[in-house]
file entry14.cif (mmCIF, C-alpha atoms)
data_protein
#
loop_
_atom_site.label_atom_id
_atom_site.label_comp_id
_atom_site.auth_asym_id
_atom_site.auth_seq_id
_atom_site.Cartn_x
_atom_site.Cartn_y
_atom_site.Cartn_z
CA MET A 1 -17.93 -9.94 4.38
CA SER A 2 -17.93 -7.66 7.42
CA THR A 3 -15.45 -4.81 7.49
CA TYR A 4 -13.20 -3.86 10.40
CA LEU A 5 -12.49 -0.15 10.03
CA ILE A 6 -9.32 1.36 11.47
CA GLY A 7 -9.36 5.14 11.62
CA LEU A 8 -5.77 6.35 11.18
CA THR A 9 -4.98 9.90 12.18
CA GLY A 10 -2.31 12.15 13.57
CA ASN A 11 -1.14 15.70 13.13
CA ILE A 12 0.77 17.02 10.15
CA ALA A 13 4.11 15.31 9.38
CA THR A 14 3.74 12.60 12.02
CA GLY A 15 3.98 9.87 9.38
CA LYS A 16 0.40 8.72 8.83
CA SER A 17 1.13 7.74 5.23
CA THR A 18 4.15 5.70 6.33
CA VAL A 19 2.00 3.79 8.81
CA ALA A 20 -0.79 3.41 6.22
CA LYS A 21 1.68 1.85 3.75
CA MET A 22 2.82 -0.59 6.45
CA LEU A 23 -0.81 -1.56 7.11
CA GLU A 24 -1.38 -2.01 3.38
CA ASP A 25 1.67 -4.28 3.24
CA LEU A 26 0.06 -6.34 6.02
CA GLY A 27 -3.07 -6.84 3.89
CA ALA A 28 -5.40 -3.94 4.69
CA THR A 29 -7.16 -1.77 2.14
CA VAL A 30 -6.15 1.87 2.66
CA ILE A 31 -8.39 4.81 1.85
CA ASP A 32 -6.46 8.09 1.99
CA ALA A 33 -8.74 11.05 2.69
CA ASP A 34 -6.05 13.49 1.50
CA ALA A 35 -5.87 11.70 -1.86
CA LEU A 36 -9.67 11.92 -2.06
CA VAL A 37 -9.42 15.66 -1.41
CA HIS A 38 -6.99 15.96 -4.34
CA GLU A 39 -9.44 14.10 -6.59
CA LEU A 40 -12.44 16.09 -5.43
CA GLN A 41 -10.59 19.41 -5.93
CA ARG A 42 -9.76 18.78 -9.59
CA ARG A 43 -10.80 21.47 -12.00
CA GLY A 44 -14.46 21.30 -12.95
CA THR A 45 -15.71 19.44 -9.88
CA PRO A 46 -18.34 20.94 -7.55
CA VAL A 47 -15.75 21.09 -4.73
CA TYR A 48 -13.33 22.97 -7.00
CA GLU A 49 -16.03 25.49 -7.93
CA ALA A 50 -16.98 26.05 -4.28
CA ILE A 51 -13.35 26.57 -3.21
CA VAL A 52 -12.67 29.07 -6.00
CA ALA A 53 -15.90 30.91 -5.13
CA ALA A 54 -14.86 31.10 -1.46
CA PHE A 55 -11.18 32.00 -1.87
CA GLY A 56 -10.97 33.67 -5.28
CA PRO A 57 -8.96 33.02 -8.44
CA GLY A 58 -5.69 33.93 -6.67
CA ILE A 59 -5.47 30.33 -5.43
CA LEU A 60 -5.24 28.93 -8.96
CA ASP A 61 -2.05 27.99 -10.77
CA ARG A 62 -1.37 28.80 -14.44
CA ALA A 63 -3.22 25.67 -15.56
CA GLY A 64 -6.31 26.71 -13.60
CA GLU A 65 -5.90 24.01 -10.94
CA ILE A 66 -5.97 24.80 -7.22
CA ASP A 67 -2.48 25.68 -5.99
CA ARG A 68 -2.39 23.85 -2.65
CA LYS A 69 0.52 25.94 -1.40
CA ALA A 70 -1.32 29.21 -2.10
CA LEU A 71 -4.51 27.88 -0.51
CA GLY A 72 -2.52 26.53 2.44
CA ALA A 73 -0.94 29.94 3.03
CA ILE A 74 -4.43 31.40 3.45
CA VAL A 75 -6.06 28.72 5.58
CA PHE A 76 -3.13 27.95 7.88
CA ALA A 77 -2.85 31.65 8.77
CA ASP A 78 -6.55 32.09 9.62
CA SER A 79 -8.64 29.53 11.52
CA ALA A 80 -11.92 30.98 10.15
CA GLN A 81 -10.67 30.45 6.59
CA LEU A 82 -9.59 26.91 7.50
CA ARG A 83 -13.12 26.19 8.78
CA THR A 84 -14.58 27.56 5.54
CA LEU A 85 -12.40 25.20 3.52
CA GLU A 86 -13.22 22.23 5.77
CA ASN A 87 -16.95 22.94 5.47
CA ILE A 88 -16.63 22.67 1.69
CA ILE A 89 -14.43 19.59 1.61
CA HIS A 90 -15.58 17.36 4.49
CA PRO A 91 -19.13 16.55 3.30
CA ALA A 92 -17.89 15.53 -0.17
CA VAL A 93 -15.07 13.44 1.30
CA LEU A 94 -17.51 11.66 3.63
CA ILE A 95 -19.77 10.60 0.76
CA GLU A 96 -16.87 9.34 -1.36
CA SER A 97 -15.24 7.62 1.63
CA ARG A 98 -18.38 5.67 2.50
CA GLN A 99 -18.61 4.42 -1.07
CA ARG A 100 -14.99 3.26 -1.08
CA ILE A 101 -15.23 1.57 2.33
CA ALA A 102 -18.30 -0.35 1.18
CA ALA A 103 -16.45 -1.48 -1.96
CA ALA A 104 -13.21 -2.50 -0.19
CA PRO A 105 -11.95 -5.97 -1.21
CA THR A 106 -10.45 -6.86 2.19
CA PRO A 107 -12.01 -7.32 5.65
CA MET A 108 -9.56 -4.83 7.21
CA VAL A 109 -9.91 -1.25 5.97
CA VAL A 110 -7.79 1.71 7.04
CA TYR A 111 -9.25 5.19 6.68
CA GLU A 112 -6.39 7.70 6.86
CA ALA A 113 -7.41 11.28 7.65
CA ILE A 114 -5.69 14.14 9.45
CA LYS A 115 -9.03 15.56 10.69
CA LEU A 116 -10.70 12.25 11.53
CA ILE A 117 -11.60 13.23 15.09
CA GLU A 118 -12.32 16.90 14.39
CA ALA A 119 -14.67 15.97 11.53
CA GLY A 120 -16.64 13.59 13.77
CA ARG A 121 -15.59 10.47 11.85
CA ALA A 122 -13.73 8.66 14.64
CA ASP A 123 -16.92 7.20 16.10
CA LEU A 124 -17.61 5.43 12.78
CA CYS A 125 -14.42 3.38 13.20
CA ASP A 126 -13.89 0.11 15.06
CA ALA A 127 -10.48 1.33 16.26
CA LEU A 128 -8.71 4.68 16.29
CA TRP A 129 -4.99 4.64 15.63
CA VAL A 130 -3.08 7.85 16.32
CA VAL A 131 0.38 8.39 14.84
CA THR A 132 2.57 10.76 16.84
CA ALA A 133 5.98 12.35 16.42
CA ARG A 134 8.01 14.80 18.44
CA PRO A 135 7.45 18.42 17.28
CA LYS A 136 11.10 18.72 16.25
CA VAL A 137 10.66 15.69 13.97
CA GLN A 138 7.47 17.18 12.48
CA LEU A 139 9.30 20.43 11.64
CA GLN A 140 12.22 18.58 10.06
CA ARG A 141 9.87 16.51 7.89
CA LEU A 142 7.88 19.54 6.73
CA MET A 143 11.03 21.46 5.80
CA ARG A 144 12.57 18.45 4.04
CA ASP A 145 9.52 16.94 2.31
CA ARG A 146 7.46 20.04 1.54
CA HIS A 147 10.33 22.50 1.23
CA LEU A 148 8.82 24.87 3.81
CA SER A 149 10.73 27.48 5.75
CA THR A 150 11.11 26.96 9.49
CA ALA A 151 8.50 29.68 10.12
CA ASP A 152 5.98 28.17 7.68
CA ALA A 153 6.53 24.66 9.06
CA ARG A 154 6.08 25.89 12.64
CA GLN A 155 2.89 27.75 11.65
CA ARG A 156 1.39 24.57 10.19
CA VAL A 157 2.30 22.47 13.23
CA GLU A 158 0.92 25.09 15.62
CA ALA A 159 -2.31 25.51 13.61
CA GLN A 160 -3.36 22.01 14.67
CA PRO A 161 -4.81 20.76 17.96
CA PRO A 162 -2.25 19.36 20.42
CA GLN A 163 -1.32 15.72 19.75
CA SER A 164 -2.38 14.95 23.33
CA GLU A 165 -6.02 15.57 22.37
CA LYS A 166 -5.90 12.82 19.75
CA ILE A 167 -3.96 10.48 22.02
CA LYS A 168 -6.76 10.67 24.62
CA ARG A 169 -9.17 9.15 22.07
CA ALA A 170 -6.78 6.54 20.67
CA THR A 171 -7.23 2.79 20.73
CA VAL A 172 -3.63 2.44 19.50
CA VAL A 173 -0.81 5.02 19.59
CA ILE A 174 2.09 4.62 17.14
CA ASP A 175 5.15 6.76 18.00
CA ASN A 176 6.80 7.51 14.67
CA SER A 177 9.65 9.64 16.03
CA GLY A 178 12.23 6.86 15.70
CA SER A 179 13.39 4.51 12.98
CA LEU A 180 11.19 2.86 10.37
CA ALA A 181 11.98 -0.51 11.92
CA GLU A 182 10.70 0.68 15.31
CA THR A 183 7.53 2.01 13.73
CA ARG A 184 7.01 -1.18 11.69
CA GLN A 185 7.29 -3.28 14.86
CA GLN A 186 4.61 -1.21 16.62
CA VAL A 187 2.31 -1.40 13.58
CA THR A 188 2.76 -5.14 13.09
CA THR A 189 2.13 -5.92 16.76
CA ALA A 190 -1.07 -3.83 16.87
CA PHE A 191 -2.33 -5.20 13.53
CA GLN A 192 -1.76 -8.81 14.54
CA ALA A 193 -3.61 -8.23 17.82
CA ILE A 194 -6.66 -7.16 15.80
CA GLU A 195 -6.31 -10.09 13.38
CA HIS A 196 -6.35 -12.54 16.31
CA ARG A 197 -9.63 -11.05 17.57
CA LEU A 198 -11.40 -11.20 14.20
#
call {"tool": "encode", "arguments": {"input": "entry14.cif", "output": "structure tokens"}}
result
Amino acid sequence: MSTYLIGLTGNIATGKSTVAKMLEDLGATVIDADALVHELQRRGTPVYEAIVAAFGPGILDRAGEIDRKALGAIVFADSAQLRTLENIIHPAVLIESRQRIAAAPTPMVVYEAIKLIEAGRADLCDALWVVTARPKVQLQRLMRDRHLSTADARQRVEAQPPQSEKIKRATVVIDNSGSLAETRQQVTTAFQAIEHRL
């Protein structure tokens, strides 16, 4: 069985996971790079050890696990620190991702990753879908869903490349600023267009 790989990306709080769930409901296998990062960062893994060595024990919670909020406060305030973290995580995620793509039970596979383009993974995909949202919507989602202050939410949005850079590379652009029904319609239309070609 040949695999058609959709790379799904977009900046923080644009709704990539929402779109991924819609694609899964349509019959695709979804591989979430962020979920892989969580798995690979668990206490005792090589990635965990490398992150603690790079950023110190101050990023650990009481149970000894990596406190993502504490780590995020460091890396989103300093682009050099963010690069250090990415250089630890990306190679491990790539290896695990390739294994999961190869084992996928469906012909359509969605690889969801915020840094898909920046990590050089977009060229491995048959199509690149970019999820966008207005900056005001991104801020609202970050404050509501992650309980961030306005300043922290703005810092995270501004720490990322402009959405326009991702849009330039896109095969499909999904605007997720509106209602779920509007987003679902865009996703379904684009998915069915691919199904007809396969």
call {"tool": "resolve_selection", "arguments": {"input": "entry14.cif", "expression": "the PyMOL selection byres ((chain A and resi 138) around 10)", "output": "VMD selection string"}}
result
chain A and resid 11 to 15 132 to 137 139 to 144 153 to 154 156 to 157 176 to 177
call {"tool": "residues_near_point", "arguments": {"input": "entry14.cif", "point": "(-7.3, 3.1, 13.7)", "cutoff": "8 Å", "atoms": "only C-alpha atoms", "output": "PDB file with C-alpha atoms, in the coordinates of the input"}}
result
ATOM      1  CA  LEU A   5     -12.490  -0.150  10.030  1.00  0.00           C
ATOM      2  CA  ILE A   6      -9.320   1.360  11.470  1.00  0.00           C
ATOM      3  CA  GLY A   7      -9.360   5.140  11.620  1.00  0.00           C
ATOM      4  CA  LEU A   8      -5.770   6.350  11.180  1.00  0.00           C
ATOM      5  CA  THR A   9      -4.980   9.900  12.180  1.00  0.00           C
ATOM      6  CA  VAL A 110      -7.790   1.710   7.040  1.00  0.00           C
ATOM      7  CA  TYR A 111      -9.250   5.190   6.680  1.00  0.00           C
ATOM      8  CA  CYS A 125     -14.420   3.380  13.200  1.00  0.00           C
ATOM      9  CA  ASP A 126     -13.890   0.110  15.060  1.00  0.00           C
ATOM     10  CA  ALA A 127     -10.480   1.330  16.260  1.00  0.00           C
ATOM     11  CA  LEU A 128      -8.710   4.680  16.290  1.00  0.00           C
ATOM     12  CA  TRP A 129      -4.990   4.640  15.630  1.00  0.00           C
ATOM     13  CA  VAL A 130      -3.080   7.850  16.320  1.00  0.00           C
ATOM     14  CA  ALA A 170      -6.780   6.540  20.670  1.00  0.00           C
ATOM     15  CA  THR A 171      -7.230   2.790  20.730  1.00  0.00           C
ATOM     16  CA  VAL A 172      -3.630   2.440  19.500  1.00  0.00           C
TER      17      VAL A 172
END
call {"tool": "atom_distance", "arguments": {"input": "entry14.cif", "atom1": "CA of Pro57 (chain A)", "atom2": "CA of Leu36 (chain A)"}}
result
22.1 Å
call {"tool": "closest_residue", "arguments": {"input": "entry14.cif", "among": "A:Arg169, A:Leu116, A:Val131, A:Ser2", "to": "Thr183 (chain A)", "atoms": "all atoms listed in the file"}}
result
A:Val131
call {"tool": "resolve_selection", "arguments": {"input": "entry14.cif", "expression": "the PyMOL selection byres ((chain A and resi 88) around 12)", "output": "JSON, numbers by chain"}}
result
{"A": [37, 40, 41, 46, 47, 48, 49, 50, 51, 52, 53, 54, 55, 81, 82, 83, 84, 85, 86, 87, 89, 90, 91, 92, 93, 94]}
call {"tool": "resolve_selection", "arguments": {"input": "entry14.cif", "expression": "the PyMOL selection byres ((chain A and resi 74) around 12)", "output": "VMD selection string"}}
result
chain A and resid 54 to 56 58 to 59 67 to 73 75 to 85 152 155 to 156 159
call {"tool": "closest_residue", "arguments": {"input": "entry14.cif", "among": "A:Val30, A:Gly10, A:Asp123, A:Thr188", "to": "Pro105 (chain A)", "atoms": "all atoms listed in the file"}}
result
A:Val30
call {"tool": "residues_around", "arguments": {"input": "entry14.cif", "residues": "Gln192 (chain A)", "least_positions_apart": "5", "cutoff": "12 Å", "atoms": "all atoms listed in the file", "output": "PDB file with C-alpha atoms, in the coordinates of the input"}}
result
ATOM      1  CA  LEU A  23      -0.810  -1.560   7.110  1.00  0.00           C
ATOM      2  CA  LEU A  26       0.060  -6.340   6.020  1.00  0.00           C
ATOM      3  CA  GLY A  27      -3.070  -6.840   3.890  1.00  0.00           C
ATOM      4  CA  ALA A  28      -5.400  -3.940   4.690  1.00  0.00           C
ATOM      5  CA  MET A 108      -9.560  -4.830   7.210  1.00  0.00           C
ATOM      6  CA  ARG A 184       7.010  -1.180  11.690  1.00  0.00           C
ATOM      7  CA  GLN A 185       7.290  -3.280  14.860  1.00  0.00           C
ATOM      8  CA  GLN A 186       4.610  -1.210  16.620  1.00  0.00           C
ATOM      9  CA  VAL A 187       2.310  -1.400  13.580  1.00  0.00           C
ATOM     10  CA  ARG A 197      -9.630 -11.050  17.570  1.00  0.00           C
ATOM     11  CA  LEU A 198     -11.400 -11.200  14.200  1.00  0.00           C
TER      12      LEU A 198
END
call {"tool": "atom_distance", "arguments": {"input": "entry14.cif", "atom1": "CA of Ile194 (chain A)", "atom2": "CA of Val173 (chain A)"}}
result
14.0 Å
call {"tool": "atom_distance", "arguments": {"input": "entry14.cif", "atom1": "CA of His196 (chain A)", "atom2": "CA of Glu24 (chain A)"}}
result
17.4 Å
call {"tool": "closest_residue", "arguments": {"input": "entry14.cif", "among": "A:Lys21, A:Asp175, A:Lys166, A:Ala151", "to": "Ile114 (chain A)", "atoms": "all atoms listed in the file"}}
result
A:Lys166
call {"tool": "closest_residue", "arguments": {"input": "entry14.cif", "among": "A:Ala20, A:Ile31, A:Phe191, A:Ser179", "to": "Ala104 (chain A)", "atoms": "only C-alpha atoms"}}
result
A:Ile31
